[in-house]
file target09.cif (mmCIF, C-alpha atoms and all ligand atoms)
data_entry
#
loop_
_atom_site.group_PDB
_atom_site.id
_atom_site.type_symbol
_atom_site.label_atom_id
_atom_site.label_comp_id
_atom_site.auth_asym_id
_atom_site.auth_seq_id
_atom_site.Cartn_x
_atom_site.Cartn_y
_atom_site.Cartn_z
ATOM 1 C CA MET A 280 96.089 -27.108 136.796
ATOM 2 C CA GLN A 281 98.575 -28.935 134.587
ATOM 3 C CA MET A 282 97.983 -32.664 134.442
ATOM 4 C CA PHE A 283 101.069 -33.588 132.428
ATOM 5 C CA PRO A 284 103.719 -34.788 132.350
ATOM 6 C CA LEU A 285 102.798 -38.221 133.598
ATOM 7 C CA VAL A 286 105.975 -39.772 134.943
ATOM 8 C CA ALA A 287 106.437 -43.481 135.619
ATOM 9 C CA GLN A 288 109.620 -44.565 137.377
ATOM 10 C CA GLY A 289 110.412 -48.216 137.796
ATOM 11 C CA ALA A 290 106.672 -48.879 137.684
ATOM 12 C CA GLN A 291 105.864 -52.551 137.925
ATOM 13 C CA VAL A 292 102.858 -54.870 138.017
ATOM 14 C CA ARG A 293 103.368 -58.448 139.226
ATOM 15 C CA ARG A 294 100.810 -61.179 139.709
ATOM 16 C CA ARG A 295 101.532 -64.577 141.229
ATOM 17 C CA GLY A 296 105.239 -63.981 141.074
ATOM 18 C CA LYS A 297 105.203 -63.083 137.390
ATOM 19 C CA VAL A 298 106.101 -59.638 136.092
ATOM 20 C CA LEU A 299 103.297 -58.529 133.782
ATOM 21 C CA VAL A 300 104.591 -55.009 133.239
ATOM 22 C CA GLY A 301 107.778 -53.229 134.067
ATOM 23 C CA PRO A 302 109.899 -51.919 135.304
ATOM 24 C CA VAL A 303 108.676 -49.007 133.210
ATOM 25 C CA ASP A 304 110.323 -45.601 133.036
ATOM 26 C CA LEU A 305 108.215 -43.330 130.915
ATOM 27 C CA THR A 306 107.404 -39.652 130.670
ATOM 28 C CA LEU A 307 104.313 -38.726 128.699
ATOM 29 C CA GLY A 308 103.790 -35.164 127.594
ATOM 30 C CA GLY A 309 100.462 -33.458 127.338
ATOM 31 C CA ARG A 310 99.804 -33.488 123.627
ATOM 32 C CA GLY A 311 98.763 -35.786 120.841
ATOM 33 C CA THR A 312 98.031 -39.449 120.505
ATOM 34 C CA SER A 313 100.236 -42.205 121.903
ATOM 35 C CA ILE A 314 99.694 -45.591 120.338
ATOM 36 C CA VAL A 315 100.690 -48.700 122.262
ATOM 37 C CA ILE A 316 101.620 -51.664 120.085
ATOM 38 C CA GLY A 317 103.183 -55.064 120.664
ATOM 39 C CA PRO A 318 102.489 -58.775 120.332
ATOM 40 C CA ASN A 319 99.704 -60.632 122.174
ATOM 41 C CA GLY A 320 100.398 -60.871 125.864
ATOM 42 C CA ALA A 321 103.130 -58.215 125.747
ATOM 43 C CA GLY A 322 101.359 -56.269 128.472
ATOM 44 C CA LYS A 323 99.599 -53.498 126.545
ATOM 45 C CA THR A 324 96.320 -53.788 128.418
ATOM 46 C CA THR A 325 98.041 -54.011 131.775
ATOM 47 C CA LEU A 326 100.235 -51.007 130.929
ATOM 48 C CA LEU A 327 97.200 -48.896 129.995
ATOM 49 C CA LYS A 328 95.347 -49.921 133.133
ATOM 50 C CA MET A 329 98.419 -49.192 135.232
ATOM 51 C CA LEU A 330 98.769 -45.705 133.753
ATOM 52 C CA HIS A 331 95.052 -45.110 134.327
ATOM 53 C CA GLY A 332 95.453 -46.272 137.907
ATOM 54 C CA ILE A 333 93.093 -49.245 137.938
ATOM 55 C CA VAL A 334 95.620 -52.013 138.550
ATOM 56 C CA ARG A 335 97.631 -52.230 141.705
ATOM 57 C CA MET A 336 101.341 -51.552 141.229
ATOM 58 C CA ASN A 337 103.920 -53.653 143.004
ATOM 59 C CA GLY A 338 106.820 -51.302 142.679
ATOM 60 C CA GLY A 339 107.989 -47.947 141.441
ATOM 61 C CA SER A 340 105.962 -44.786 141.118
ATOM 62 C CA LEU A 341 103.484 -43.095 138.847
ATOM 63 C CA ASP A 342 102.982 -39.371 139.181
ATOM 64 C CA TRP A 343 100.756 -36.884 137.438
ATOM 65 C CA ALA A 344 101.730 -33.223 137.550
ATOM 66 C CA CYS A 345 98.556 -32.542 139.561
ATOM 67 C CA PRO A 346 97.231 -34.288 142.676
ATOM 68 C CA LEU A 347 96.073 -37.848 141.975
ATOM 69 C CA GLU A 348 92.473 -37.176 142.949
ATOM 70 C CA GLU A 349 92.346 -34.350 140.431
ATOM 71 C CA ALA A 350 93.967 -36.493 137.734
ATOM 72 C CA GLN A 351 91.462 -39.301 138.300
ATOM 73 C CA LYS A 352 88.544 -37.011 137.589
ATOM 74 C CA ARG A 353 90.018 -35.847 134.336
ATOM 75 C CA GLN A 354 90.597 -39.194 132.632
ATOM 76 C CA ALA A 355 88.457 -41.969 131.214
ATOM 77 C CA PHE A 356 89.027 -45.484 129.881
ATOM 78 C CA VAL A 357 87.344 -47.295 126.999
ATOM 79 C CA PHE A 358 87.587 -51.079 127.237
ATOM 80 C CA GLN A 359 87.912 -53.524 124.388
ATOM 81 C CA THR A 360 84.455 -54.968 125.051
ATOM 82 C CA PRO A 361 82.500 -52.256 126.819
ATOM 83 C CA VAL A 362 79.773 -53.225 129.234
ATOM 84 C CA MET A 363 76.337 -51.890 128.337
ATOM 85 C CA MET A 364 73.851 -51.100 131.045
ATOM 86 C CA ARG A 365 70.333 -52.493 130.472
ATOM 87 C CA ARG A 366 69.073 -49.053 129.684
ATOM 88 C CA THR A 367 68.554 -46.887 126.643
ATOM 89 C CA VAL A 368 71.406 -45.369 124.644
ATOM 90 C CA ILE A 369 70.721 -41.914 126.021
ATOM 91 C CA ASP A 370 70.569 -43.148 129.627
ATOM 92 C CA ASN A 371 73.862 -45.003 129.200
ATOM 93 C CA ILE A 372 75.571 -41.844 128.011
ATOM 94 C CA ALA A 373 73.913 -39.646 130.625
ATOM 95 C CA TYR A 374 74.836 -42.011 133.451
ATOM 96 C CA PRO A 375 78.358 -40.715 134.209
ATOM 97 C CA LEU A 376 77.006 -37.174 134.336
ATOM 98 C CA ARG A 377 74.264 -38.222 136.739
ATOM 99 C CA LEU A 378 76.895 -39.945 138.866
ATOM 100 C CA ALA A 379 78.827 -36.695 138.909
ATOM 101 C CA GLY A 380 75.741 -34.959 140.271
ATOM 102 C CA MET A 381 74.323 -33.270 137.175
ATOM 103 C CA SER A 382 70.553 -32.782 136.912
ATOM 104 C CA ARG A 383 68.641 -35.311 134.841
ATOM 105 C CA ARG A 384 67.552 -32.706 132.341
ATOM 106 C CA GLU A 385 71.010 -31.293 131.735
ATOM 107 C CA ALA A 386 72.596 -34.753 131.652
ATOM 108 C CA ARG A 387 70.113 -35.963 129.052
ATOM 109 C CA ALA A 388 70.618 -32.882 126.914
ATOM 110 C CA ARG A 389 74.373 -33.392 126.894
ATOM 111 C CA ALA A 390 73.986 -37.109 126.316
ATOM 112 C CA ALA A 391 71.755 -36.482 123.307
ATOM 113 C CA ASP A 392 74.333 -34.061 121.929
ATOM 114 C CA TRP A 393 77.143 -36.608 122.292
ATOM 115 C CA ALA A 394 75.025 -39.396 120.853
ATOM 116 C CA GLY A 395 74.606 -37.220 117.786
ATOM 117 C CA ARG A 396 78.314 -36.534 117.531
ATOM 118 C CA VAL A 397 79.143 -40.245 117.469
ATOM 119 C CA GLY A 398 76.351 -41.104 115.055
ATOM 120 C CA LEU A 399 73.840 -42.577 117.506
ATOM 121 C CA GLY A 400 71.441 -39.638 117.376
ATOM 122 C CA GLU A 401 68.736 -41.665 115.625
ATOM 123 C CA ILE A 402 68.612 -44.448 118.194
ATOM 124 C CA LEU A 403 68.577 -42.633 121.520
ATOM 125 C CA GLN A 404 65.779 -44.781 122.898
ATOM 126 C CA ARG A 405 67.139 -48.150 121.831
ATOM 127 C CA GLN A 406 68.206 -50.592 124.535
ATOM 128 C CA ALA A 407 71.991 -50.497 124.652
ATOM 129 C CA THR A 408 72.174 -54.265 125.034
ATOM 130 C CA MET A 409 70.642 -54.579 121.541
ATOM 131 C CA LEU A 410 73.375 -52.591 119.802
ATOM 132 C CA SER A 411 75.839 -53.958 117.247
ATOM 133 C CA GLY A 412 79.543 -54.118 118.079
ATOM 134 C CA GLY A 413 80.284 -50.867 116.264
ATOM 135 C CA GLU A 414 77.375 -49.085 117.917
ATOM 136 C CA ARG A 415 78.452 -50.330 121.331
ATOM 137 C CA GLN A 416 81.916 -48.961 120.790
ATOM 138 C CA LYS A 417 80.489 -45.601 119.712
ATOM 139 C CA LEU A 418 78.306 -45.562 122.802
ATOM 140 C CA ALA A 419 81.333 -46.371 124.954
ATOM 141 C CA LEU A 420 83.191 -43.468 123.332
ATOM 142 C CA ALA A 421 80.313 -41.059 123.877
ATOM 143 C CA ARG A 422 79.989 -42.227 127.490
ATOM 144 C CA ALA A 423 83.700 -41.571 128.002
ATOM 145 C CA LEU A 424 83.813 -38.263 126.144
ATOM 146 C CA VAL A 425 80.641 -36.787 127.618
ATOM 147 C CA ARG A 426 82.540 -35.766 130.747
ATOM 148 C CA GLU A 427 85.133 -34.077 128.554
ATOM 149 C CA PRO A 428 88.157 -35.876 129.964
ATOM 150 C CA GLU A 429 91.560 -34.429 129.281
ATOM 151 C CA VAL A 430 92.969 -37.902 128.823
ATOM 152 C CA LEU A 431 91.260 -40.869 127.264
ATOM 153 C CA PHE A 432 92.764 -44.345 127.475
ATOM 154 C CA LEU A 433 91.504 -46.881 124.944
ATOM 155 C CA ASP A 434 92.280 -50.586 124.847
ATOM 156 C CA GLU A 435 91.928 -51.847 121.286
ATOM 157 C CA PRO A 436 88.600 -50.118 120.752
ATOM 158 C CA CYS A 437 88.248 -51.428 117.195
ATOM 159 C CA ALA A 438 89.430 -54.999 117.756
ATOM 160 C CA ALA A 439 86.118 -56.617 116.861
ATOM 161 C CA LEU A 440 84.930 -54.105 114.277
ATOM 162 C CA ASP A 441 84.787 -54.121 110.488
ATOM 163 C CA GLY A 442 86.466 -51.546 108.269
ATOM 164 C CA ARG A 443 83.585 -49.123 108.162
ATOM 165 C CA ALA A 444 82.962 -49.079 111.911
ATOM 166 C CA THR A 445 86.697 -48.766 112.462
ATOM 167 C CA ARG A 446 86.858 -45.746 110.176
ATOM 168 C CA GLU A 447 83.948 -44.111 111.974
ATOM 169 C CA ILE A 448 85.580 -44.661 115.355
ATOM 170 C CA GLU A 449 88.856 -43.259 114.012
ATOM 171 C CA GLU A 450 87.043 -40.135 112.862
ATOM 172 C CA ILE A 451 85.596 -39.635 116.332
ATOM 173 C CA LEU A 452 89.025 -40.129 117.859
ATOM 174 C CA ALA A 453 90.724 -37.790 115.410
ATOM 175 C CA HIS A 454 88.129 -35.168 116.212
ATOM 176 C CA ALA A 455 88.602 -35.644 119.960
ATOM 177 C CA SER A 456 92.341 -35.334 119.489
ATOM 178 C CA ASP A 457 91.961 -32.168 117.399
ATOM 179 C CA SER A 458 89.817 -30.771 120.204
ATOM 180 C CA GLY A 459 92.695 -31.292 122.619
ATOM 181 C CA THR A 460 91.883 -34.650 124.219
ATOM 182 C CA ARG A 461 95.038 -36.587 124.978
ATOM 183 C CA LEU A 462 94.656 -40.133 123.621
ATOM 184 C CA ILE A 463 96.619 -43.141 124.835
ATOM 185 C CA MET A 464 95.494 -46.226 122.972
ATOM 186 C CA SER A 465 96.522 -49.755 122.128
ATOM 187 C CA THR A 466 95.868 -51.389 118.786
ATOM 188 C CA HIS A 467 96.802 -54.454 116.767
ATOM 189 C CA ASN A 468 96.006 -52.668 113.560
ATOM 190 C CA MET A 469 99.179 -51.157 112.113
ATOM 191 C CA GLY A 470 97.214 -49.139 109.557
ATOM 192 C CA GLN A 471 95.310 -47.593 112.421
ATOM 193 C CA ALA A 472 98.524 -46.986 114.342
ATOM 194 C CA ARG A 473 99.983 -45.147 111.349
ATOM 195 C CA ARG A 474 96.835 -43.080 110.883
ATOM 196 C CA LEU A 475 96.418 -41.996 114.485
ATOM 197 C CA ALA A 476 99.791 -42.036 116.209
ATOM 198 C CA ASP A 477 101.878 -39.030 117.077
ATOM 199 C CA GLU A 478 104.128 -41.273 119.128
ATOM 200 C CA VAL A 479 104.537 -45.017 119.386
ATOM 201 C CA ILE A 480 105.084 -47.091 122.514
ATOM 202 C CA PHE A 481 106.279 -50.546 121.456
ATOM 203 C CA VAL A 482 105.802 -53.016 124.306
ATOM 204 C CA LEU A 483 107.591 -56.347 124.503
ATOM 205 C CA GLY A 484 107.724 -58.706 127.447
ATOM 206 C CA GLY A 485 106.051 -56.162 129.710
ATOM 207 C CA ARG A 486 108.677 -53.514 129.049
ATOM 208 C CA ILE A 487 108.790 -50.499 126.815
ATOM 209 C CA HIS A 488 111.047 -51.636 124.058
ATOM 210 C CA GLU A 489 110.834 -48.483 121.945
ATOM 211 C CA PHE A 490 109.252 -45.109 122.510
ATOM 212 C CA SER A 491 109.517 -42.784 119.545
ATOM 213 C CA PRO A 492 107.779 -40.198 117.430
ATOM 214 C CA ALA A 493 105.447 -42.047 115.051
ATOM 215 C CA GLU A 494 107.173 -40.800 111.936
ATOM 216 C CA ALA A 495 110.534 -42.096 113.100
ATOM 217 C CA PHE A 496 109.132 -45.431 114.222
ATOM 218 C CA PHE A 497 107.302 -46.136 110.993
ATOM 219 C CA ALA A 498 110.256 -44.948 108.915
ATOM 220 C CA GLY A 499 112.452 -47.482 110.680
ATOM 221 C CA PRO A 500 112.258 -48.879 114.203
ATOM 222 C CA GLN A 501 115.457 -48.687 116.222
ATOM 223 C CA THR A 502 115.523 -52.326 117.271
ATOM 224 C CA PRO A 503 115.444 -55.635 115.385
ATOM 225 C CA GLN A 504 112.311 -56.600 117.334
ATOM 226 C CA GLY A 505 110.598 -53.362 116.359
ATOM 227 C CA ARG A 506 111.501 -53.930 112.720
ATOM 228 C CA ALA A 507 110.303 -57.532 112.842
ATOM 229 C CA PHE A 508 107.020 -56.534 114.460
ATOM 230 C CA LEU A 509 106.383 -53.875 111.860
ATOM 231 C CA ASN A 510 107.065 -56.453 109.144
ATOM 232 C CA GLY A 511 104.425 -58.718 110.618
ATOM 233 C CA ASP A 512 106.967 -61.315 111.727
ATOM 234 C CA ILE A 513 106.529 -63.243 114.936
ATOM 235 C CA VAL A 514 108.245 -61.457 117.803
ATOM 236 C CA GLU A 515 108.687 -63.045 121.206
HETATM 237 N N1 LIG A 601 95.279 -60.489 136.681
HETATM 238 C C1 LIG A 601 96.206 -61.234 136.067
HETATM 239 N N2 LIG A 601 96.799 -62.248 136.704
HETATM 240 C C2 LIG A 601 97.735 -63.006 136.109
HETATM 241 N N3 LIG A 601 98.164 -62.795 134.864
HETATM 242 C C3 LIG A 601 97.606 -61.802 134.159
HETATM 243 C C4 LIG A 601 96.602 -60.956 134.717
HETATM 244 N N4 LIG A 601 96.248 -60.044 133.774
HETATM 245 C C5 LIG A 601 97.003 -60.309 132.699
HETATM 246 N N5 LIG A 601 97.823 -61.355 132.910
HETATM 247 C C6 LIG A 601 98.848 -61.881 131.972
HETATM 248 O O1 LIG A 601 99.753 -60.816 131.736
HETATM 249 C C7 LIG A 601 100.245 -60.818 130.413
HETATM 250 C C8 LIG A 601 99.982 -59.484 129.750
HETATM 251 O O2 LIG A 601 98.589 -59.340 129.489
HETATM 252 P P1 LIG A 601 97.964 -58.088 128.752
HETATM 253 O O3 LIG A 601 96.502 -58.367 128.617
HETATM 254 O O4 LIG A 601 98.358 -56.862 129.446
HETATM 255 O O5 LIG A 601 98.671 -58.143 127.334
HETATM 256 P P2 LIG A 601 98.270 -57.488 125.956
HETATM 257 O O6 LIG A 601 99.531 -57.008 125.341
HETATM 258 O O7 LIG A 601 97.188 -56.499 126.159
HETATM 259 O O8 LIG A 601 97.719 -58.737 125.169
HETATM 260 P P3 LIG A 601 96.666 -58.830 123.938
HETATM 261 O O9 LIG A 601 97.320 -58.163 122.784
HETATM 262 O O10 LIG A 601 96.568 -60.333 123.753
HETATM 263 O O11 LIG A 601 95.404 -58.196 124.406
HETATM 264 C C9 LIG A 601 99.574 -62.000 129.740
HETATM 265 O O12 LIG A 601 100.482 -63.080 129.790
HETATM 266 C C10 LIG A 601 98.355 -62.260 130.599
HETATM 267 O O13 LIG A 601 97.975 -63.607 130.540
#

call {"tool": "encode", "arguments": {"input": "target09.cif", "output": "structure tokens", "more": "lines below"}}
Ligand SMILES: Nc1ncnc2c1ncn2[C@@H]1O[C@H](COP(=O)(O)OP(=O)(O)OP(=O)(O)O)[C@@H](O)[C@H]1O
result
Amino acid sequence: MQMFPLVAQGAQVRRRGKVLVGPVDLTLGGRGTSIVIGPNGAGKTTLLKMLHGIVRMNGGSLDWACPLEEAQKRQAFVFQTPVMMRRTVIDNIAYPLRLAGMSRREARARAADWAGRVGLGEILQRQATMLSGGERQKLALARALVREPEVLFLDEPCAALDGRATREIEEILAHASDSGTRLIMSTHNMGQARRLADEVIFVLGGRIHEFSPAEAFFAGPQTPQGRAFLNGDIVE
């Protein structure tokens, strides 16, 4: 069953009388990588969580092309600082499969396979809480990808990582994208945005200020704020 388009109409998130996001009108198609950019506090995280369905909306609508319950099963979210369970690497990755009812044997086999794909194949038995930042992020990716979601949301997955770890994560993401996983991801790193984006969602003040194909955006944003942001100027 088709999951896309995802259509938001007048979607809004308010907390304590303040609008954090919206109103947002947005239609996302089923292909490629959407990169969400914007200054600190613009609402990128809240927007991603709203689209994923884990923050309560206070207005408007958000509709997948398939029933919501179906859509929820087919998407995953990688947080900026993923939480590690006090278990081994392989058990952390196998966990979502176990939750979904898969046998221990099968879940561990798949987990070991995914650990290998993200470069954690040598440390399957290490306690996840002992991992470095880059390793944690790889584990979080494997744990999200192991269920083969059609859509993966990521909130600044490389924010705390050095260049090498960032490049490794980007390779995993590019591979997932090539394999057909729809990526919707925020980043502060404009180099990363240029490398990964098929389309850019520029968020300002909780609203979508620009939404364009990546090539067009990076060639020249349509708005003064978009241009300023791309230049590294302060945008408020
Ligand atoms: N649960 C909440 N209650 C009240 N305010 C919140 C809540 N969550 C976020 N905010 C506020 O909403 C605004 C948007 O936050 P959000 O984290 O979505 O922005 P962001 O663009 O991801 O920021 P950053 O780039 O700094 O991570 C901020 O001003 C933040 O302080």

call {"tool": "residues_around", "arguments": {"input": "target09.cif", "residues": "Gln416 (chain A)", "least_positions_apart": "6", "cutoff": "12 Å", "atoms": "all atoms listed in the file", "output": "PyMOL selection string"}}
result
chain A and resi 357-363+368+372+394+397-399+407-408+410+422-423+433-441+444-445+447-449+451-452

call {"tool": "closest_atom_pairs", "arguments": {"input": "target09.cif", "of": "chain A", "to": "ligand LIG 601 (chain A)", "cutoff": "6 Å", "atoms": "all atoms listed in the file", "output": "Markdown table"}}
result
| residue | atom | partner | partner_atom | distance |
| --- | --- | --- | --- | --- |
| A:Arg294 | CA | A:LIG601 | C2 | 5.1 |
| A:Leu299 | CA | A:LIG601 | O1 | 4.7 |
| A:Pro318 | CA | A:LIG601 | O9 | 5.8 |
| A:Asn319 | CA | A:LIG601 | O9 | 3.5 |
| A:Gly320 | CA | A:LIG601 | O8 | 3.5 |
| A:Ala321 | CA | A:LIG601 | O6 | 3.8 |
| A:Gly322 | CA | A:LIG601 | O4 | 3.2 |
| A:Lys323 | CA | A:LIG601 | O6 | 3.7 |
| A:Thr324 | CA | A:LIG601 | O7 | 3.6 |
| A:Thr325 | CA | A:LIG601 | O4 | 3.7 |

call {"tool": "atom_distance", "arguments": {"input": "target09.cif", "atom1": "CA of Glu348 (chain A)", "atom2": "CA of Val315 (chain A)"}}
result
25.1 Å

call {"tool": "resolve_selection", "arguments": {"input": "target09.cif", "expression": "the PyMOL selection byres (((chain A and resi 428) around 8) and not hetatm)", "output": "list in words"}}
result
Lys352, Arg353, Gln354, Ala355, Ala423, Leu424, Val425, Arg426, Glu427, Glu429, Val430, Leu431 and Thr460 of chain A

call {"tool": "atom_distance", "arguments": {"input": "target09.cif", "atom1": "CA of Ile402 (chain A)", "atom2": "CA of Phe432 (chain A)"}}
result
25.9 Å

call {"tool": "closest_residue", "arguments": {"input": "target09.cif", "among": "A:Pro346, A:Gly338, A:Gly309, A:Gly317", "to": "Gly484 (chain A)", "atoms": "only C-alpha atoms"}}
result
A:Gly317

call {"tool": "atom_distance", "arguments": {"input": "target09.cif", "atom1": "CA of Met280 (chain A)", "atom2": "CA of Gln351 (chain A)"}}
result
13.1 Å

call {"tool": "resolve_selection", "arguments": {"input": "target09.cif", "expression": "the PyMOL selection byres (((chain A and resi 386) around 9) and not hetatm)", "output": "VMD selection string"}}
result
chain A and resid 370 372 to 377 381 to 385 387 to 391

call {"tool": "write_last_selection", "arguments": {"input": "target09.cif", "atoms": "C-alpha atoms", "output": "compact mmCIF listing (two decimals), in the frame of the given file"}}
result
# COMPACT_ATOMS: atom_id res chain seq x y z
CA ASP A 370 70.57 -43.15 129.63
CA ILE A 372 75.57 -41.84 128.01
CA ALA A 373 73.91 -39.65 130.62
CA TYR A 374 74.84 -42.01 133.45
CA PRO A 375 78.36 -40.72 134.21
CA LEU A 376 77.01 -37.17 134.34
CA ARG A 377 74.26 -38.22 136.74
CA MET A 381 74.32 -33.27 137.18
CA SER A 382 70.55 -32.78 136.91
CA ARG A 383 68.64 -35.31 134.84
CA ARG A 384 67.55 -32.71 132.34
CA GLU A 385 71.01 -31.29 131.74
CA ARG A 387 70.11 -35.96 129.05
CA ALA A 388 70.62 -32.88 126.91
CA ARG A 389 74.37 -33.39 126.89
CA ALA A 390 73.99 -37.11 126.32
CA ALA A 391 71.76 -36.48 123.31

call {"tool": "closest_residue", "arguments": {"input": "target09.cif", "among": "A:Ser456, A:Gln281, A:Ser313, A:Gln291", "to": "Asn337 (chain A)", "atoms": "only C-alpha atoms"}}
result
A:Gln291

call {"tool": "closest_residue", "arguments": {"input": "target09.cif", "among": "A:Arg366, A:Arg486, A:Arg473, A:Arg310", "to": "Ala455 (chain A)", "atoms": "only C-alpha atoms"}}
result
A:Arg310

call {"tool": "residues_around", "arguments": {"input": "target09.cif", "residues": "Pro500 (chain A)", "least_positions_apart": "6", "cutoff": "12 Å", "atoms": "only C-alpha atoms", "output": "PyMOL selection string"}}
result
chain A and resi 479-481+488-494+506-510
